[in-house]
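The next block is target.cif, given as mmCIF, C-alpha atoms.
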data_protein
loop_
_atom_site.label_atom_id
_atom_site.label_comp_id
_atom_site.auth_asym_id
_atom_site.auth_seq_id
_atom_site.Cartn_x
_atom_site.Cartn_y
_atom_site.Cartn_z
CA MET A 1 76.95 72.19 111.19
CA SER A 2 75.40 69.54 113.34
CA ALA A 3 72.13 70.40 114.98
CA PRO A 4 69.76 68.87 117.48
CA SER A 5 67.85 66.02 115.97
CA GLY A 6 64.43 67.57 116.51
CA GLY A 7 61.59 65.08 116.62
CA ALA A 8 63.62 62.11 115.48
CA ASP A 9 62.54 58.76 116.90
CA TRP A 10 65.51 56.53 116.14
CA ALA A 11 63.72 53.32 117.12
CA VAL A 12 60.88 54.10 114.71
CA ALA A 13 63.37 55.08 112.01
CA MET A 14 65.31 51.86 112.45
CA SER A 15 62.10 49.82 112.30
CA GLN A 16 61.51 51.24 108.81
CA VAL A 17 65.01 50.78 107.47
CA VAL A 18 66.17 47.61 105.77
CA CYS A 19 69.90 47.77 106.31
CA THR A 20 72.37 47.04 103.56
CA PRO A 21 73.19 43.32 103.49
CA ALA A 22 76.71 42.06 104.14
CA GLY A 23 79.01 42.38 101.19
CA TYR A 24 77.29 45.45 99.75
CA GLU A 25 78.22 48.03 102.39
CA ASP A 26 80.04 51.26 101.68
CA TRP A 27 81.55 52.10 105.07
CA VAL A 28 82.00 55.79 105.82
CA PRO A 29 83.40 57.50 108.92
CA ALA A 30 81.07 58.40 111.79
CA GLY A 31 81.58 62.08 110.94
CA GLU A 32 80.05 61.52 107.51
CA ALA A 33 77.08 59.68 109.07
CA LEU A 34 76.62 62.58 111.49
CA ARG A 35 76.65 65.04 108.60
CA ILE A 36 73.95 63.03 106.81
CA LEU A 37 71.80 62.60 109.92
CA ARG A 38 72.64 66.04 111.35
CA CYS A 39 72.18 64.67 114.83
CA ALA A 40 74.19 64.61 118.04
CA GLU A 41 76.85 61.95 118.54
CA SER A 42 74.71 60.49 121.34
CA SER A 43 71.93 59.85 118.78
CA LEU A 44 74.34 57.83 116.67
CA ILE A 45 75.10 55.72 119.74
CA ASP A 46 71.34 55.29 120.26
CA LEU A 47 71.03 54.15 116.66
CA VAL A 48 73.75 51.55 117.12
CA ASP A 49 71.95 50.32 120.23
CA THR A 50 68.78 50.07 118.15
CA GLY A 51 70.51 47.95 115.52
CA LEU A 52 72.29 50.23 113.06
CA PRO A 53 75.25 48.17 111.81
CA THR A 54 78.70 49.59 112.41
CA ARG A 55 82.21 48.37 111.73
CA ASP A 56 85.25 49.87 113.42
CA GLY A 57 83.29 53.04 114.13
CA ARG A 58 82.17 53.35 110.52
CA PHE A 59 78.66 53.26 109.05
CA ASP A 60 77.14 52.23 105.74
CA TRP A 61 76.47 55.26 103.60
CA CYS A 62 73.05 54.05 102.38
CA ASP A 63 71.99 53.01 105.89
CA ALA A 64 72.74 56.53 107.11
CA TRP A 65 70.73 58.07 104.27
CA ASN A 66 67.79 55.73 104.82
CA VAL A 67 67.76 56.30 108.59
CA GLY A 68 67.80 60.03 107.91
CA LEU A 69 65.03 59.73 105.34
CA TYR A 70 62.74 57.92 107.79
CA SER A 71 63.91 59.73 110.95
CA GLY A 72 61.15 62.29 111.15
CA SER A 73 63.67 64.81 112.47
CA GLY A 74 62.96 67.24 109.65
CA ARG A 75 66.65 68.17 109.73
CA SER A 76 68.53 65.25 108.21
CA MET A 77 70.09 65.78 104.81
CA PRO A 78 67.78 63.33 103.00
CA GLU A 79 64.78 65.07 104.52
CA LEU A 80 66.11 68.48 103.48
CA GLU A 81 66.75 67.12 99.98
CA MET A 82 63.18 65.84 99.81
CA LYS A 83 61.89 69.13 101.16
CA LEU A 84 63.78 70.98 98.45
CA PHE A 85 62.50 68.66 95.73
CA ARG A 86 58.95 68.97 97.10
CA ARG A 87 59.22 72.75 96.98
CA LEU A 88 60.56 72.75 93.44
CA LEU A 89 57.80 70.39 92.34
CA SER A 90 55.25 72.92 93.49
CA ALA A 91 56.97 75.73 91.59
CA PHE A 92 55.61 76.84 88.21
CA ASN A 93 52.07 76.37 89.60
CA GLY A 94 52.70 72.68 90.07
CA ASP A 95 52.75 72.11 86.30
CA TRP A 96 54.50 68.78 85.74
CA HIS A 97 53.90 68.11 82.07
CA THR A 98 54.01 71.26 79.95
CA PRO A 99 57.35 71.21 78.07
CA MET A 100 60.02 73.26 79.86
CA ARG A 101 63.34 74.54 78.57
CA TYR A 102 66.47 74.52 80.69
CA LEU A 103 69.94 75.89 80.24
CA ILE A 104 72.12 73.04 81.43
CA THR A 105 75.80 72.56 82.07
CA VAL A 106 77.12 69.01 82.17
CA GLU A 107 80.63 68.71 83.56
CA ALA A 108 82.92 65.74 84.10
CA ALA A 109 86.38 65.50 85.62
CA CYS A 110 89.01 62.90 84.84
CA PRO A 111 90.35 61.16 87.99
CA SER A 112 93.86 61.76 86.65
CA GLY A 113 93.30 65.49 87.01
CA PRO A 114 96.01 67.55 85.29
CA ASP A 115 97.74 64.31 84.23
CA CYS A 116 94.81 63.42 81.98
CA ASP A 117 96.01 62.67 78.45
CA CYS A 118 93.05 64.55 76.97
CA GLY A 119 91.62 61.48 75.25
CA THR A 120 88.09 61.35 73.92
CA TRP A 121 85.06 62.49 75.87
CA VAL A 122 81.47 61.55 75.05
CA CYS A 123 78.57 63.37 76.70
CA PRO A 124 75.31 61.51 77.41
CA ASP A 125 73.04 61.84 74.39
CA PHE A 126 70.20 63.96 75.73
CA VAL A 127 66.84 64.15 73.96
CA ASP A 128 65.93 67.56 72.55
CA ALA A 129 69.26 69.10 73.53
CA SER A 130 71.69 71.36 71.75
CA LEU A 131 74.97 71.41 73.66
CA THR A 132 78.34 73.00 73.00
CA GLU A 133 81.53 71.35 74.28
CA SER A 134 84.26 73.24 76.12
CA THR A 135 87.33 72.56 78.25
CA PRO A 136 87.10 74.43 81.57
CA GLY A 137 90.50 73.18 82.70
CA PRO A 138 92.99 70.34 82.45
CA GLY A 139 91.29 66.96 82.85
CA ARG A 140 87.84 68.45 82.69
CA ARG A 141 85.19 68.69 80.01
CA SER A 142 81.91 70.51 79.95
CA TRP A 143 78.87 70.74 77.70
CA SER A 144 76.38 73.60 77.91
CA GLY A 145 73.22 74.48 76.08
CA VAL A 146 69.47 74.32 76.01
CA VAL A 147 67.46 71.18 76.59
CA GLU A 148 63.72 70.77 76.49
CA ALA A 149 62.06 68.47 78.99
CA SER A 150 58.81 67.34 77.46
CA GLY A 151 56.52 65.96 80.09
CA VAL A 152 54.42 62.98 79.08
CA ARG A 153 50.85 62.49 80.25
CA VAL A 154 49.00 59.44 79.02
CA ALA A 155 46.85 56.74 80.57
CA ILE A 156 47.90 53.10 80.75
CA ARG A 157 45.25 50.88 79.20
CA SER A 158 46.70 47.43 79.81
CA ARG A 159 45.18 45.82 82.89
CA VAL A 160 48.16 43.49 83.18
CA VAL A 161 50.56 46.43 83.36
CA THR A 162 48.39 48.29 85.86
CA ASP A 163 48.12 45.22 88.08
CA ALA A 164 51.90 44.70 88.09
CA TRP A 165 52.42 48.39 88.83
CA ASN A 166 49.93 48.36 91.72
CA SER A 167 51.56 45.29 93.18
CA VAL A 168 54.98 46.93 93.23
CA VAL A 169 53.80 50.32 94.46
CA ARG A 170 51.79 48.73 97.30
CA SER A 171 54.43 46.25 98.40
CA TYR A 172 57.71 48.15 98.20
CA ARG A 173 59.25 51.26 99.71
CA TYR A 174 61.93 53.68 98.59
CA HIS A 175 65.47 53.19 99.91
CA PHE A 176 68.79 54.63 98.82
CA THR A 177 70.60 51.58 97.44
CA ARG A 178 74.10 50.86 96.20
CA LEU A 179 74.15 50.21 92.46
CA GLU A 180 75.53 46.67 92.80
CA LEU A 181 72.69 45.79 95.18
CA ALA A 182 70.06 47.60 93.11
CA LYS A 183 70.95 45.47 90.08
CA SER A 184 69.88 42.29 91.90
CA VAL A 185 66.15 41.70 91.46
CA ASP A 186 66.35 38.79 93.93
CA GLN A 187 67.75 41.12 96.60
CA THR A 188 65.06 43.70 95.90
CA ARG A 189 62.33 41.06 96.19
CA ARG A 190 63.81 39.86 99.46
CA ARG A 191 64.28 43.31 100.97
CA ARG A 192 61.08 44.92 99.58
CA VAL A 193 62.88 48.23 99.18
CA GLY A 194 64.86 49.90 96.42
CA ASP A 195 65.85 52.97 94.48
CA CYS A 196 65.07 53.86 90.87
CA VAL A 197 67.43 51.23 89.44
CA ALA A 198 66.20 48.47 91.76
CA LEU A 199 62.50 49.25 91.29
CA THR A 200 62.85 49.65 87.53
CA LYS A 201 64.51 46.24 87.23
CA LEU A 202 61.97 44.69 89.60
CA LEU A 203 58.96 46.02 87.68
CA GLN A 204 60.60 44.96 84.43
CA ALA A 205 60.94 41.41 85.81
CA GLU A 206 57.35 41.38 87.07
CA LEU A 207 56.08 42.52 83.68
CA ALA A 208 58.22 39.94 81.90
CA LYS A 209 56.54 37.23 83.97
CA CYS A 210 53.24 38.49 82.52
CA GLY A 211 54.62 38.49 78.99
CA VAL A 212 54.97 42.28 78.76
CA GLU A 213 58.22 43.58 77.33
CA ALA A 214 59.57 46.65 79.11
CA TRP A 215 62.85 48.46 78.65
CA GLU A 216 64.87 50.80 80.86
CA ARG A 217 65.25 54.47 80.18
CA HIS A 218 67.65 56.86 81.81
CA GLY A 219 67.93 60.57 82.44
CA TYR A 220 68.52 63.19 85.10
CA LEU A 221 65.92 64.58 87.46
CA LEU A 222 66.22 68.31 88.03
CA GLY A 223 64.81 68.77 91.47
CA TRP A 224 67.82 69.57 93.56
CA THR A 225 70.89 71.75 93.32
CA THR A 226 72.30 69.31 90.77
CA GLY A 227 70.65 66.76 88.49
CA HIS A 228 70.20 63.28 89.90
CA ALA A 229 70.56 60.22 87.66
CA HIS A 230 67.23 58.51 87.26
CA SER A 231 65.82 55.34 85.69
CA TRP A 232 62.33 54.35 84.66
CA LEU A 233 60.61 51.88 82.35
CA GLU A 234 58.87 52.12 79.05
CA ILE A 235 56.32 49.69 77.66
CA ARG A 236 54.30 49.50 74.49
CA ASP A 237 50.71 49.59 75.67
CA ILE A 238 47.87 47.59 74.08
CA ASP A 239 47.02 50.66 72.00
CA GLY A 240 50.51 50.53 70.45
CA VAL A 241 51.72 53.69 72.20
CA VAL A 242 55.03 53.68 74.11
CA LYS A 243 54.39 54.87 77.67
CA PRO A 244 56.53 55.44 80.78
CA LEU A 245 56.30 53.80 84.21
CA ASP A 246 58.23 55.49 87.00
CA ALA A 247 57.88 53.27 90.07
CA SER A 248 60.55 54.86 92.27
CA LEU A 249 59.14 58.34 91.79
CA ALA A 250 55.72 57.00 92.75
CA LEU A 251 57.12 55.54 95.97
CA LEU A 252 59.10 58.66 96.81
CA ALA A 253 56.10 60.82 96.04
CA GLY A 254 53.72 58.81 98.20
CA SER A 255 55.94 58.97 101.26
CA PHE A 256 57.91 62.19 100.94
CA LEU A 257 56.92 64.44 98.04
CA ASN A 258 53.40 64.80 96.76
CA PRO A 259 50.75 62.06 96.78
CA GLY A 260 49.43 63.43 93.50
CA LEU A 261 52.58 62.20 91.82
CA VAL A 262 51.85 58.55 92.65
CA GLY A 263 49.16 58.19 90.01
CA PHE A 264 50.98 60.60 87.71
CA SER A 265 54.01 58.29 87.61
CA LEU A 266 51.91 55.60 85.91
CA GLY A 267 52.03 56.65 82.27
CA CYS A 268 53.49 60.12 82.82
CA LEU A 269 56.90 61.76 82.89
CA MET A 270 57.70 65.03 84.58
CA ASN A 271 59.01 68.10 82.85
CA ARG A 272 61.74 68.14 85.53
CA LEU A 273 63.32 65.11 83.86
CA ILE A 274 65.81 65.44 81.03
CA GLN A 275 65.92 62.24 79.06
CA ILE A 276 68.79 60.36 77.50
CA ARG A 277 68.09 58.65 74.20
CA GLU A 278 67.04 55.01 74.34
CA ARG A 279 70.03 52.73 74.96
CA GLY A 280 72.16 55.85 75.50
CA LYS A 281 74.80 55.92 78.24
CA VAL A 282 73.86 57.81 81.38
CA GLN A 283 77.48 58.61 82.24
CA VAL A 284 80.18 60.56 80.44
CA ILE A 285 82.50 58.17 78.60
CA HIS A 286 86.14 59.23 78.71
CA HIS A 287 89.28 57.52 77.47
CA CYS A 288 92.50 58.32 79.30
CA HIS A 289 95.86 56.55 79.08
CA GLY A 290 94.20 53.72 77.19
CA ASP A 291 91.47 53.10 79.76
CA ARG A 292 87.76 53.68 79.33
CA LEU A 293 86.29 55.59 82.26
CA ASP A 294 82.56 55.96 82.91
CA LEU A 295 82.24 59.19 84.89
CA TRP A 296 79.24 60.61 86.72
CA PRO A 297 78.84 64.20 85.56
CA SER A 298 77.58 67.09 87.60
CA ILE A 299 74.55 68.66 85.97
CA VAL A 300 73.43 72.16 86.77
CA ALA A 301 70.23 73.46 85.22
CA ARG A 302 68.49 76.78 85.09
CA HIS A 303 64.86 77.03 84.01
CA LEU A 304 64.41 79.39 81.06
CA MET B 1 82.58 93.48 104.90
CA THR B 2 79.22 94.94 105.89
CA GLU B 3 79.38 97.31 102.93
CA TYR B 4 78.27 94.35 100.85
CA TRP B 5 75.73 92.58 103.07
CA ASP B 6 74.01 92.58 106.42
CA GLY B 7 75.32 90.96 109.56
CA GLN B 8 72.82 88.12 109.45
CA PHE B 9 74.22 86.97 106.12
CA THR B 10 77.64 86.63 107.72
CA LEU B 11 76.14 84.45 110.45
CA LEU B 12 74.41 82.23 107.87
CA LEU B 13 77.63 81.74 105.96
CA ARG B 14 79.56 80.85 109.09
CA GLN B 15 77.04 78.07 109.78
CA VAL B 16 77.85 76.32 106.50
CA LEU B 17 81.59 77.00 106.15
CA PRO B 18 83.27 74.47 108.46
CA TYR B 19 86.80 75.49 107.48
CA LEU B 20 86.29 79.19 108.17
CA THR B 21 87.77 80.09 111.54
CA ALA B 22 86.11 82.61 113.84
CA ASP B 23 88.92 85.16 113.38
CA MET B 24 88.69 85.17 109.59
CA ASP B 25 86.80 87.82 107.69
CA ILE B 26 84.50 86.79 104.86
CA ALA B 27 85.74 88.51 101.73
CA PRO B 28 83.24 89.12 98.90
CA ASP B 29 85.21 86.90 96.52
CA LEU B 30 85.92 84.10 99.00
CA ASP B 31 85.79 80.73 97.26
CA LEU B 32 82.97 79.15 99.29
CA SER B 33 83.79 75.59 98.24
CA SER B 34 87.36 75.99 99.51
CA TYR B 35 85.96 76.68 102.95
CA GLY B 36 83.76 73.59 102.96
CA LEU B 37 80.53 74.58 101.22
CA ASP B 38 79.44 71.36 99.55
CA SER B 39 76.10 70.11 98.22
CA PHE B 40 74.91 69.43 101.79
CA GLY B 41 75.80 72.94 102.83
CA ILE B 42 74.13 74.47 99.81
CA VAL B 43 70.83 72.73 100.59
CA GLU B 44 71.12 73.86 104.20
CA LEU B 45 71.95 77.39 103.10
CA ILE B 46 68.97 77.52 100.73
CA PHE B 47 66.61 76.93 103.64
CA LEU B 48 68.50 79.26 105.98
CA ILE B 49 68.15 82.01 103.38
CA GLU B 50 64.44 81.27 103.08
CA GLU B 51 64.01 81.50 106.86
CA GLU B 52 65.99 84.72 107.15
CA TYR B 53 64.99 86.60 104.00
CA GLY B 54 61.75 84.91 102.89
CA ILE B 55 63.25 83.93 99.55
CA SER B 56 61.87 80.66 98.22
CA PRO B 57 64.28 77.94 97.04
CA GLU B 58 63.26 78.23 93.40
CA GLN B 59 64.38 81.86 93.42
CA ILE B 60 67.86 81.10 94.65
CA ILE B 61 68.73 77.61 93.46
CA ASP B 62 70.94 78.70 90.56
CA LEU B 63 74.09 76.89 91.60
CA PRO B 64 76.76 79.30 90.29
CA VAL B 65 75.61 81.94 92.79
CA PHE B 66 76.90 79.70 95.58
CA THR B 67 80.46 80.27 94.36
CA THR B 68 81.25 83.44 96.34
CA PRO B 69 79.52 85.49 99.06
CA LYS B 70 79.24 88.45 96.68
CA LEU B 71 77.41 86.47 93.98
CA LEU B 72 75.11 84.89 96.54
CA TRP B 73 74.30 88.21 98.20
CA GLU B 74 73.58 89.78 94.81
CA ALA B 75 71.22 86.90 94.06
CA ILE B 76 69.48 87.46 97.39
CA GLU B 77 69.18 91.17 96.71
CA ASP B 78 67.86 90.47 93.24
CA ALA B 79 65.32 87.96 94.55
CA ARG B 80 64.15 90.42 97.21
CA ARG B 81 63.35 92.87 94.41
CA THR B 82 61.49 90.22 92.43
CA ASP B 83 58.35 88.34 93.36
CA ARG B 84 57.98 84.59 92.94
CA ASN B 85 56.41 84.96 89.51
CA GLY B 86 59.47 86.76 88.23
CA HIS B 87 57.95 90.25 88.37
CA ARG B 88 60.05 93.14 89.58
CA GLN B 89 58.49 94.83 92.56
CA VAL B 90 57.18 98.28 91.68
CA GLY B 91 58.78 101.06 93.62
CA SER B 92 61.90 99.22 94.68
CA THR B 93 65.22 100.76 93.90
#
What would you get if you wrote out this structure as structure tokens?
Amino acid sequence: MSAPSGGADWAVAMSQVVCTPAGYEDWVPAGEALRILRCAESSLIDLVDTGLPTRDGRFDWCDAWNVGLYSGSGRSMPELEMKLFRRLLSAFNGDWHTPMRYLITVEAACPSGPDCDCGTWVCPDFVDASLTESTPGPGRRSWSGVVEASGVRVAIRSRVVTDAWNSVVRSYRYHFTRLELAKSVDQTRRRRVGDCVALTKLLQAELAKCGVEAWERHGYLLGWTTGHAHSWLEIRDIDGVVKPLDASLALLAGSFLNPGLVGFSLGCLMNRLIQIRERGKVQVIHHCHGDRLDLWPSIVARHL
Amino acid sequence: MTEYWDGQFTLLLRQVLPYLTADMDIAPDLDLSSYGLDSFGIVELIFLIEEEYGISPEQIIDLPVFTTPKLLWEAIEDARRTDRNGHRQVGST
């Protein structure tokens, strides 16, 4: 499946990537890195020469994704994923806020497979959803039904909030980030890059310094073949209205998706986002053989 | 298997099925995931289909159609008869 790396400039890509710090790596085989980058083996050697960390012929999963994202090849998997999301954002006449209804299927699999003891399963509590539970097979559980994604479009009035937002959006860049690393605000400040979790926690900390309370919200973005877990912030604005701040989407949009989404992400939520209730769990909770398991579900959605 | 689809479709599938050997036929009900079609391959296939058949991603992204060649080909055929606004093309059969 590998293909020539097109217009990739590995030195430029590496100059834009902040590699995963020691202790947070998730080492994957070179073959997996090649699949992500979709480049020739010689390009991987070039990347190592340019500074891409490697250990025993293995590569950090996030480093590979970030190099691909910034490679400019047009063929790496992260670029194709962004291309797909960009295309789907422009569907439905580029309408990002009119409520949309989706038929979704949420499915989780127990790691014990057929040996699962069929303990309890709890689906994430989606907003405006009506789901029916079923058992597609041993050790698996699925929930299907209709969910409405109500876009939000309001203006932020607080100058303090807008200033904090502008500071983050101007000073940081999007990077795929391991969850353990994303949870560290200090690491995000040091690296100046992050994903939705990292940037949400960072903006929350910046707002807290200004005396503004903000809380995390979770959901799934429907912009790819499956839903992607997503985090953003909510604040109560000076007019008393609760409003969203989606810093990671703004950063992704500015660099890879649609510049129009940068401003939209301040006070707005897309109708491609299905929300989980406040303080609700983003993962499927399953009990098996006495253990609690937090499982990432696969989410497939069809626009109705 | 050309009674189901055109030769180009076979070539597209072979590009994204790493476990399918050159001497194997592609049966209509072949389990695509068993032959290596994963989320990477699906994204790749979506754009290959767009290049080959002019079908935009939003017309084909319904994941269950990527289960077997037959379902996928039927989705392609259906999309070719339908414009991007969901309207059936007049005069098509």
Answer key for the PyMOL selection byres ((chain A) within 9 of (chain B)), residues as a PDB file with C-alpha atoms, in the coordinates of the input:
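New file expr-v7.pdb:
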ATOM      1  CA  MET A   1      76.950  72.190 111.190  1.00  0.00           C
ATOM      2  CA  ARG A  35      76.650  65.040 108.600  1.00  0.00           C
ATOM      3  CA  ILE A  36      73.950  63.030 106.810  1.00  0.00           C
ATOM      4  CA  MET A  77      70.090  65.780 104.810  1.00  0.00           C
ATOM      5  CA  LEU A  80      66.110  68.480 103.480  1.00  0.00           C
ATOM      6  CA  GLU A  81      66.750  67.120  99.980  1.00  0.00           C
ATOM      7  CA  LEU A  84      63.780  70.980  98.450  1.00  0.00           C
ATOM      8  CA  ARG A  87      59.220  72.750  96.980  1.00  0.00           C
ATOM      9  CA  LEU A  88      60.560  72.750  93.440  1.00  0.00           C
ATOM     10  CA  ALA A  91      56.970  75.730  91.590  1.00  0.00           C
ATOM     11  CA  PHE A  92      55.610  76.840  88.210  1.00  0.00           C
ATOM     12  CA  TRP A 224      67.820  69.570  93.560  1.00  0.00           C
ATOM     13  CA  THR A 225      70.890  71.750  93.320  1.00  0.00           C
ATOM     14  CA  THR A 226      72.300  69.310  90.770  1.00  0.00           C
ATOM     15  CA  VAL A 300      73.430  72.160  86.770  1.00  0.00           C
ATOM     16  CA  ALA A 301      70.230  73.460  85.220  1.00  0.00           C
ATOM     17  CA  ARG A 302      68.490  76.780  85.090  1.00  0.00           C
TER      18      ARG A 302
END
Exercise. Show me as an NGL selection string the residues that reach within 10 Å of (65.6, 65.1, 102.9), counting only C-alpha atoms and using the file's own coordinates.
Key: (:A and (36-37 or 65-66 or 68-86 or 256-257)) or (:B and (43))
Exercise. Enter the distance from atom CA of A:Ala129 to atom CA of A:Leu251, in Å, rounded to one decimal.
Key: 28.9 Å
Exercise. Please measure the separation of atom CA of A:Trp121 and atom CA of A:Trp215, giving the value in Å to one decimal.
Key: 26.4 Å
Explicit residue set for the PyMOL selection byres ((chain B and resi 73) around 12), as a compact mmCIF listing (two decimals) with C-alpha atoms, in the frame of the given file:
# COMPACT_ATOMS: atom_id res chain seq x y z
CA MET B 1 82.58 93.48 104.90
CA THR B 2 79.22 94.94 105.89
CA GLU B 3 79.38 97.31 102.93
CA TYR B 4 78.27 94.35 100.85
CA TRP B 5 75.73 92.58 103.07
CA ASP B 6 74.01 92.58 106.42
CA GLY B 7 75.32 90.96 109.56
CA GLN B 8 72.82 88.12 109.45
CA PHE B 9 74.22 86.97 106.12
CA THR B 10 77.64 86.63 107.72
CA LEU B 12 74.41 82.23 107.87
CA LEU B 13 77.63 81.74 105.96
CA ALA B 27 85.74 88.51 101.73
CA PRO B 28 83.24 89.12 98.90
CA ASP B 29 85.21 86.90 96.52
CA ILE B 49 68.15 82.01 103.38
CA TYR B 53 64.99 86.60 104.00
CA ILE B 55 63.25 83.93 99.55
CA ILE B 60 67.86 81.10 94.65
CA VAL B 65 75.61 81.94 92.79
CA PHE B 66 76.90 79.70 95.58
CA THR B 67 80.46 80.27 94.36
CA THR B 68 81.25 83.44 96.34
CA PRO B 69 79.52 85.49 99.06
CA LYS B 70 79.24 88.45 96.68
CA LEU B 71 77.41 86.47 93.98
CA LEU B 72 75.11 84.89 96.54
CA GLU B 74 73.58 89.78 94.81
CA ALA B 75 71.22 86.90 94.06
CA ILE B 76 69.48 87.46 97.39
CA GLU B 77 69.18 91.17 96.71
CA ASP B 78 67.86 90.47 93.24
CA ALA B 79 65.32 87.96 94.55
CA ARG B 80 64.15 90.42 97.21
Quiz prompt | 12 Å contact set for stretch 237-242 of chain A, all atoms listed in the file, chain neighbours under 2 positions out, as JSON, numbers by chain | solution = {"A": [152, 153, 154, 155, 156, 157, 158, 159, 160, 161, 162, 207, 212, 213, 214, 215, 217, 233, 234, 235, 244, 245, 266, 267, 268]}
Quiz item: On this structure, which residues satisfy the PyMOL selection byres ((chain A and resi 298) around 8), written as a list in words?
Solution: Thr105, Val106, Glu107, Ala108, Thr226, Gly227, Trp296, Pro297, Ile299 and Val300 of chain A
Okay, now the selection with C-alpha atoms, as a compact mmCIF listing (two decimals), keeping the file's coordinate frame?
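Dumped to again-v1.txt:
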# COMPACT_ATOMS: atom_id res chain seq x y z
CA THR A 105 75.80 72.56 82.07
CA VAL A 106 77.12 69.01 82.17
CA GLU A 107 80.63 68.71 83.56
CA ALA A 108 82.92 65.74 84.10
CA THR A 226 72.30 69.31 90.77
CA GLY A 227 70.65 66.76 88.49
CA TRP A 296 79.24 60.61 86.72
CA PRO A 297 78.84 64.20 85.56
CA ILE A 299 74.55 68.66 85.97
CA VAL A 300 73.43 72.16 86.77
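Between atom CA of B:Leu45 and atom CA of B:Leu20 the interatomic distance comes to 15.3 Å.
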Excluding stretch 6-20 of chain A and residues on its chain fewer than 4 positions from it, collect all residues at most 12 Å away from it, counting all atoms listed in the file, and give them as an mmCIF file with C-alpha atoms, in the frame of the given file.
data_model
loop_
_atom_site.group_PDB
_atom_site.id
_atom_site.type_symbol
_atom_site.label_atom_id
_atom_site.label_comp_id
_atom_site.auth_asym_id
_atom_site.auth_seq_id
_atom_site.Cartn_x
_atom_site.Cartn_y
_atom_site.Cartn_z
ATOM 1 C CA SER A 2 75.400 69.540 113.340
ATOM 2 C CA TYR A 24 77.290 45.450 99.750
ATOM 3 C CA GLU A 25 78.220 48.030 102.390
ATOM 4 C CA ASP A 26 80.040 51.260 101.680
ATOM 5 C CA TRP A 27 81.550 52.100 105.070
ATOM 6 C CA LEU A 37 71.800 62.600 109.920
ATOM 7 C CA ARG A 38 72.640 66.040 111.350
ATOM 8 C CA CYS A 39 72.180 64.670 114.830
ATOM 9 C CA ALA A 40 74.190 64.610 118.040
ATOM 10 C CA SER A 42 74.710 60.490 121.340
ATOM 11 C CA SER A 43 71.930 59.850 118.780
ATOM 12 C CA LEU A 44 74.340 57.830 116.670
ATOM 13 C CA ILE A 45 75.100 55.720 119.740
ATOM 14 C CA ASP A 46 71.340 55.290 120.260
ATOM 15 C CA LEU A 47 71.030 54.150 116.660
ATOM 16 C CA VAL A 48 73.750 51.550 117.120
ATOM 17 C CA ASP A 49 71.950 50.320 120.230
ATOM 18 C CA THR A 50 68.780 50.070 118.150
ATOM 19 C CA GLY A 51 70.510 47.950 115.520
ATOM 20 C CA LEU A 52 72.290 50.230 113.060
ATOM 21 C CA PRO A 53 75.250 48.170 111.810
ATOM 22 C CA THR A 54 78.700 49.590 112.410
ATOM 23 C CA PHE A 59 78.660 53.260 109.050
ATOM 24 C CA ASP A 60 77.140 52.230 105.740
ATOM 25 C CA TRP A 61 76.470 55.260 103.600
ATOM 26 C CA CYS A 62 73.050 54.050 102.380
ATOM 27 C CA ASP A 63 71.990 53.010 105.890
ATOM 28 C CA ALA A 64 72.740 56.530 107.110
ATOM 29 C CA TRP A 65 70.730 58.070 104.270
ATOM 30 C CA ASN A 66 67.790 55.730 104.820
ATOM 31 C CA VAL A 67 67.760 56.300 108.590
ATOM 32 C CA GLY A 68 67.800 60.030 107.910
ATOM 33 C CA LEU A 69 65.030 59.730 105.340
ATOM 34 C CA TYR A 70 62.740 57.920 107.790
ATOM 35 C CA SER A 71 63.910 59.730 110.950
ATOM 36 C CA GLY A 72 61.150 62.290 111.150
ATOM 37 C CA SER A 73 63.670 64.810 112.470
ATOM 38 C CA GLY A 74 62.960 67.240 109.650
ATOM 39 C CA ARG A 75 66.650 68.170 109.730
ATOM 40 C CA SER A 76 68.530 65.250 108.210
ATOM 41 C CA GLU A 79 64.780 65.070 104.520
ATOM 42 C CA TYR A 172 57.710 48.150 98.200
ATOM 43 C CA ARG A 173 59.250 51.260 99.710
ATOM 44 C CA TYR A 174 61.930 53.680 98.590
ATOM 45 C CA HIS A 175 65.470 53.190 99.910
ATOM 46 C CA PHE A 176 68.790 54.630 98.820
ATOM 47 C CA THR A 177 70.600 51.580 97.440
ATOM 48 C CA ARG A 178 74.100 50.860 96.200
ATOM 49 C CA LEU A 179 74.150 50.210 92.460
ATOM 50 C CA GLU A 180 75.530 46.670 92.800
ATOM 51 C CA LEU A 181 72.690 45.790 95.180
ATOM 52 C CA ALA A 182 70.060 47.600 93.110
ATOM 53 C CA GLN A 187 67.750 41.120 96.600
ATOM 54 C CA THR A 188 65.060 43.700 95.900
ATOM 55 C CA ARG A 190 63.810 39.860 99.460
ATOM 56 C CA ARG A 191 64.280 43.310 100.970
ATOM 57 C CA ARG A 192 61.080 44.920 99.580
ATOM 58 C CA VAL A 193 62.880 48.230 99.180
ATOM 59 C CA GLY A 194 64.860 49.900 96.420
#
